[in-house]
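S.K.: Have a look at this one before I ask anything.
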Amino acid sequence: MNKSKLFLWCLYTFANSIVFVNFLVYFSKWLVIDGGLSDMAYNMVFVITAIALLFSAPALAAHTDVCRSRRLFLNLATIGTAAAYLIAALAAIYGAHVIIAFLALMAGQYFFQLSYIFYDPLLNDLSDKKHRAAASGIGQFSSNAGMIAGLALSLPLVSAGGRLAPLIPSVALFSILALPLMIFYRENIDKCKMVAVKHKIKLGFDWKKFKRFVLTSAAAPILIAFFFYTNALNTITNNYAIYANRVVDLSDEMTSVILIVNLIAACLGALGIGFIGDRIGARRCLMCILWTWLLLIPVIAIANTQWLFFTLAVLLGLTIGAGWAISRAYVSTSLGKDEVGYGFSFYTIFERFSSTIGPLIWGGILLSGAGYRVAMLSMAGFILIGIIVLNRAKTSARIHQENKRRTK
């Protein structure tokens, strides 16, 4: 494991998390509560960006698999993230129409997610398989630490200047802290091969390539299960601040405090699961976490006091930090050398598309009048599907191995 590369990699996700969490917590409230945007319209940000990623990210990622150089694309996505979030913040602060702020947020979300198409595969560049889970855990720890730092820095700004006060400082801090990786990170390549230089990027979705990947890659069933259980996690995360405000009547300040404690738990979970996963196996760790979520989400849905909600949110944060870390490590060790970028593009795309079905169901339940608690409870269904997919994949793999032994 290359420690200097790991530091740059972790610093980048620390920076990214600062701007992400403050826009998620404060800008979302401004759009929905102050700006008058509906819950459904807000969740459409994640739906539309997921569709945009589907028609652009796999082609870009496949190009980097040929070229084996991802930093240029990562830098461009980073610049796009900072610019779009800055425009969104300025539009809100200076009283532009809410639709302008909404569109800028959508662009920021797109570039933010696109950056991870090129960021996550660097895990294979900076660590070997024996230390993959530990490196992923340290990276997830840094991501959660960035959220903690972002919320902690925002608290005095919110108290003094309201919900929009932390936004521009967050963008500035993100831009500064992302620079070291953008400038100093060096991948383990000499130069792109001539075939890579001539390789043209064809945007659009290649169904034949995708079908081949699904049928042949060991990572495919893991990614399919990942798609389902992240539907629950992303929908809960994206709507957490609004849920806390409207269901258990948490103030902005209390929401931030709970989020900070939640993220500290996520840091510990990510760090711990990384080292455990390298010893007992990523799959075993992931299955334990999925069963924990299946039990925990229904209990959160019926929590009726602020302190109970606080306790459950901390437990959820502990397992979410561990879940993200071990999922990335599990996918990383299952991908072949020539499909790392392409495979990780679907890791990000499936994560984003998990912000389509889940939010649509969440928003639909709210539109029906069933309420936020029913919307929360519905998320447990996605966890159950993820468990079933992983179990069936294991059974299929075992049968395949037995048939292979019999034919020898």
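Please note that chains go A, B, ... in the order of the structure tokens, that every chain numbers its residues from 1, and that ligands are numbered from 1 in the order shown.
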Quick one: everything within 9 Å of Trp30 (chain A), counting only C-alpha atoms, minus sequence neighbours fewer than 6 positions away in the same chain. Send it as a short mmCIF file (atom, residue, chain, number, x, y, z; two decimals) with N, CA, C and O atoms, in the first residue's frame.

M.R.:
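Generated output (result.cif):
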data_model
loop_
_atom_site.label_atom_id
_atom_site.label_comp_id
_atom_site.auth_asym_id
_atom_site.auth_seq_id
_atom_site.Cartn_x
_atom_site.Cartn_y
_atom_site.Cartn_z
N GLY A 36 -39.73 26.61 -1.70
CA GLY A 36 -41.04 26.11 -2.10
C GLY A 36 -41.02 24.97 -3.10
O GLY A 36 -42.05 24.60 -3.65
N LEU A 37 -39.84 24.39 -3.35
CA LEU A 37 -39.75 23.25 -4.26
C LEU A 37 -40.35 22.02 -3.58
O LEU A 37 -40.16 21.83 -2.37
N ALA A 92 -28.77 31.25 -4.88
CA ALA A 92 -29.62 31.26 -3.69
C ALA A 92 -29.39 32.51 -2.85
O ALA A 92 -30.34 33.16 -2.40
N ARG A 163 -29.09 29.45 6.87
CA ARG A 163 -28.81 28.21 6.15
C ARG A 163 -27.83 28.36 5.00
O ARG A 163 -27.11 27.43 4.67
N LEU A 164 -27.81 29.50 4.37
CA LEU A 164 -26.98 29.66 3.17
C LEU A 164 -25.55 30.09 3.48
O LEU A 164 -24.69 30.05 2.61
#

S.K.: Tell me, counting only C-alpha atoms, for each residue of region 8-83 of chain A within 7 Å of region 235-249 of chain A, which pair of atoms is nearest and how far apart they are in Å to one decimal, in rows ordered by chain and increasing number, as a tab-separated table.

M.R.:
residue	atom	partner	partner_atom	distance
A:Leu24	CA	A:Asn238	CA	6.8
A:Val25	CA	A:Ala241	CA	5.9
A:Lys29	CA	A:Ile242	CA	6.9

S.K.: Measuring atom to atom with only C-alpha atoms, identify which of A:Leu366, A:Ala219, A:Ile320, A:Ala265 is nearest to Leu335 (chain A).

M.R.: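 Of A:Leu366, A:Ala219, A:Ile320, A:Ala265, the one nearest Leu335 (chain A) is A:Ala219, counting only C-alpha atoms.
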
S.K.: Hey, what's within 10 Å of Ile183 (chain A) if we count only C-alpha atoms and toss same-chain stuff fewer than 4 positions away? As number ranges by chain, please?

M.R.: A: 8, 71-72, 75, 178-179

S.K.: With N, CA and C atoms retained, write the just-selected residues as a PDB file, in the first residue's frame.

M.R.:
ATOM      1  N   LEU A   8      -3.051  11.387  -0.412  1.00  0.00           N
ATOM      2  CA  LEU A   8      -3.644  12.280  -1.407  1.00  0.00           C
ATOM      3  C   LEU A   8      -5.062  11.839  -1.754  1.00  0.00           C
ATOM      4  N   ARG A  71      -6.431  10.609 -14.010  1.00  0.00           N
ATOM      5  CA  ARG A  71      -6.338  11.871 -13.273  1.00  0.00           C
ATOM      6  C   ARG A  71      -6.857  13.062 -14.071  1.00  0.00           C
ATOM      7  N   LEU A  72      -6.632  13.107 -15.391  1.00  0.00           N
ATOM      8  CA  LEU A  72      -7.101  14.223 -16.204  1.00  0.00           C
ATOM      9  C   LEU A  72      -8.619  14.353 -16.112  1.00  0.00           C
ATOM     10  N   ASN A  75      -9.678  15.539 -12.705  1.00  0.00           N
ATOM     11  CA  ASN A  75      -9.462  16.984 -12.540  1.00  0.00           C
ATOM     12  C   ASN A  75     -10.574  17.794 -13.194  1.00  0.00           C
ATOM     13  N   ALA A 178      -8.687  19.864  -2.623  1.00  0.00           N
ATOM     14  CA  ALA A 178      -8.663  18.901  -3.731  1.00  0.00           C
ATOM     15  C   ALA A 178      -7.419  19.055  -4.601  1.00  0.00           C
ATOM     16  N   LEU A 179      -6.766  20.200  -4.510  1.00  0.00           N
ATOM     17  CA  LEU A 179      -5.630  20.486  -5.387  1.00  0.00           C
ATOM     18  C   LEU A 179      -4.456  19.515  -5.260  1.00  0.00           C
TER      19      LEU A 179
END

S.K.: CA of Ala41 (chain A) to CA of Tyr94 (chain A): how many Å, to one decimal?

M.R.: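 It comes out at 21.8 Å.
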
S.K.: So how far away is CA of His63 (chain A) from CA of Leu76 (chain A), in Å?

M.R.: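 Taking CA of Leu76 (chain A) as the start and CA of His63 (chain A) as the end point, the length is 15.0 Å.
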
S.K.: Name the residues of region 129-327 of chain A that come out as helix (DSSP H, G or I) in a backbone DSSP run; write them as a PyMOL selection string.

M.R.: chain A and resi 129-161+167-184+194-198+207-216+220-247+252-280+282-302+306-327

S.K.: I want to know what sits within 12 Å of Met287 (chain A), based on only C-alpha atoms, with residues of the same chain fewer than 5 positions away left out; could you give that as number ranges by chain?

M.R.: A: 222, 225-226, 229, 277, 281-282, 292-294, 319, 322-323, 326-327, 330, 383-384, 386-391, 394

S.K.: Next, write the just-selected residues to a file, as a JSON list (two decimals), in the first residue's frame, keeping N, CA, C and O atoms as the atom set.

M.R.:
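Below you can see selection_3.json, which holds the result:
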[["chain", "number", "residue", "atom", "x", "y", "z"],
["A", 222, "ILE", "N", -22.49, -8.67, -7.47],
["A", 222, "ILE", "CA", -22.23, -7.80, -6.32],
["A", 222, "ILE", "C", -22.77, -6.41, -6.61],
["A", 222, "ILE", "O", -23.41, -5.77, -5.75],
["A", 225, "ALA", "N", -26.64, -6.37, -6.42],
["A", 225, "ALA", "CA", -27.09, -6.30, -5.02],
["A", 225, "ALA", "C", -26.83, -4.91, -4.45],
["A", 225, "ALA", "O", -27.68, -4.35, -3.74],
["A", 226, "PHE", "N", -25.67, -4.35, -4.79],
["A", 226, "PHE", "CA", -25.31, -3.00, -4.36],
["A", 226, "PHE", "C", -26.36, -1.98, -4.82],
["A", 226, "PHE", "O", -26.73, -1.08, -4.06],
["A", 229, "TYR", "N", -29.50, -2.35, -2.32],
["A", 229, "TYR", "CA", -29.42, -1.87, -0.94],
["A", 229, "TYR", "C", -29.02, -0.41, -0.84],
["A", 229, "TYR", "O", -29.36, 0.28, 0.13],
["A", 277, "GLY", "N", -12.31, -6.82, 7.37],
["A", 277, "GLY", "CA", -12.58, -7.41, 6.06],
["A", 277, "GLY", "C", -11.38, -8.07, 5.43],
["A", 277, "GLY", "O", -11.51, -9.09, 4.74],
["A", 281, "GLY", "N", -12.85, -11.69, 5.32],
["A", 281, "GLY", "CA", -13.49, -11.67, 4.01],
["A", 281, "GLY", "C", -14.54, -10.59, 3.89],
["A", 281, "GLY", "O", -15.34, -10.36, 4.81],
["A", 282, "ALA", "N", -14.53, -9.94, 2.72],
["A", 282, "ALA", "CA", -15.45, -8.81, 2.49],
["A", 282, "ALA", "C", -16.90, -9.27, 2.43],
["A", 282, "ALA", "O", -17.80, -8.59, 2.94],
["A", 292, "THR", "N", -28.18, -6.34, 9.59],
["A", 292, "THR", "CA", -28.34, -5.30, 10.61],
["A", 292, "THR", "C", -29.25, -4.19, 10.09],
["A", 292, "THR", "O", -30.15, -3.72, 10.81],
["A", 293, "TRP", "N", -29.05, -3.76, 8.83],
["A", 293, "TRP", "CA", -29.91, -2.73, 8.25],
["A", 293, "TRP", "C", -31.36, -3.19, 8.16],
["A", 293, "TRP", "O", -32.28, -2.41, 8.41],
["A", 294, "LEU", "N", -31.54, -4.44, 7.81],
["A", 294, "LEU", "CA", -32.90, -4.96, 7.66],
["A", 294, "LEU", "C", -33.68, -4.89, 8.97],
["A", 294, "LEU", "O", -34.90, -4.68, 8.98],
["A", 319, "THR", "N", -23.02, 1.47, 10.87],
["A", 319, "THR", "CA", -23.08, 0.41, 9.87],
["A", 319, "THR", "C", -23.00, 0.94, 8.44],
["A", 319, "THR", "O", -22.50, 0.24, 7.56],
["A", 322, "ALA", "N", -19.34, 1.40, 7.63],
["A", 322, "ALA", "CA", -18.75, 0.09, 7.36],
["A", 322, "ALA", "C", -19.23, -0.48, 6.03],
["A", 322, "ALA", "O", -18.45, -1.07, 5.28],
["A", 323, "GLY", "N", -20.51, -0.27, 5.72],
["A", 323, "GLY", "CA", -21.08, -0.82, 4.50],
["A", 323, "GLY", "C", -20.49, -0.24, 3.24],
["A", 323, "GLY", "O", -20.17, -0.96, 2.29],
["A", 326, "ILE", "N", -16.74, -1.59, 2.88],
["A", 326, "ILE", "CA", -16.57, -2.99, 2.50],
["A", 326, "ILE", "C", -17.15, -3.26, 1.12],
["A", 326, "ILE", "O", -16.67, -4.14, 0.39],
["A", 327, "SER", "N", -18.19, -2.51, 0.71],
["A", 327, "SER", "CA", -18.75, -2.69, -0.63],
["A", 327, "SER", "C", -17.72, -2.33, -1.70],
["A", 327, "SER", "O", -17.55, -3.06, -2.67],
["A", 330, "TYR", "N", -15.02, -4.98, -1.81],
["A", 330, "TYR", "CA", -15.54, -6.23, -2.40],
["A", 330, "TYR", "C", -15.59, -6.13, -3.92],
["A", 330, "TYR", "O", -15.18, -7.05, -4.64],
["A", 383, "ILE", "N", -33.27, -3.50, 1.06],
["A", 383, "ILE", "CA", -32.21, -4.25, 1.76],
["A", 383, "ILE", "C", -32.45, -5.75, 1.60],
["A", 383, "ILE", "O", -31.52, -6.52, 1.33],
["A", 384, "LEU", "N", -33.70, -6.16, 1.75],
["A", 384, "LEU", "CA", -34.04, -7.58, 1.62],
["A", 384, "LEU", "C", -33.70, -8.11, 0.23],
["A", 384, "LEU", "O", -33.16, -9.21, 0.08],
["A", 386, "GLY", "N", -31.39, -6.98, -1.79],
["A", 386, "GLY", "CA", -29.94, -7.07, -1.87],
["A", 386, "GLY", "C", -29.42, -8.36, -1.24],
["A", 386, "GLY", "O", -28.52, -9.02, -1.78],
["A", 387, "ILE", "N", -29.97, -8.73, -0.09],
["A", 387, "ILE", "CA", -29.58, -9.97, 0.58],
["A", 387, "ILE", "C", -29.89, -11.18, -0.30],
["A", 387, "ILE", "O", -29.07, -12.10, -0.45],
["A", 388, "ILE", "N", -31.07, -11.19, -0.89],
["A", 388, "ILE", "CA", -31.49, -12.31, -1.75],
["A", 388, "ILE", "C", -30.57, -12.45, -2.95],
["A", 388, "ILE", "O", -30.14, -13.56, -3.31],
["A", 389, "VAL", "N", -30.23, -11.32, -3.60],
["A", 389, "VAL", "CA", -29.35, -11.36, -4.78],
["A", 389, "VAL", "C", -27.97, -11.92, -4.42],
["A", 389, "VAL", "O", -27.42, -12.77, -5.14],
["A", 390, "LEU", "N", -27.40, -11.46, -3.32],
["A", 390, "LEU", "CA", -26.08, -11.95, -2.92],
["A", 390, "LEU", "C", -26.11, -13.43, -2.56],
["A", 390, "LEU", "O", -25.18, -14.18, -2.88],
["A", 391, "ASN", "N", -27.17, -13.88, -1.92],
["A", 391, "ASN", "CA", -27.29, -15.31, -1.59],
["A", 391, "ASN", "C", -27.43, -16.17, -2.83],
["A", 391, "ASN", "O", -26.83, -17.24, -2.95],
["A", 394, "LYS", "N", -24.10, -16.44, -4.63],
["A", 394, "LYS", "CA", -23.19, -17.38, -3.98],
["A", 394, "LYS", "C", -23.56, -18.81, -4.34],
["A", 394, "LYS", "O", -22.70, -19.65, -4.62]]

S.K.: Pick from A:Ala380, A:Leu123, A:Met254, A:Leu215: nearest to Asn231 (chain A), with only C-alpha atoms counted?

M.R.: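 Closest residue, counting only C-alpha atoms: A:Ala380.
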
S.K.: May I ask which of the residues A:Ala301, A:Ala145, A:Ala50, A:Ile138 is the closest one to Gly371 (chain A), counting only C-alpha atoms?

M.R.: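 Among the listed residues, A:Ala301 lies closest to Gly371 (chain A).
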
S.K.: Could you tell me how far CA of Phe118 (chain A) sits from CA of Ala135 (chain A), in Å to one decimal place?

M.R.: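 CA of Phe118 (chain A) lies at a distance of 16.5 Å from CA of Ala135 (chain A).
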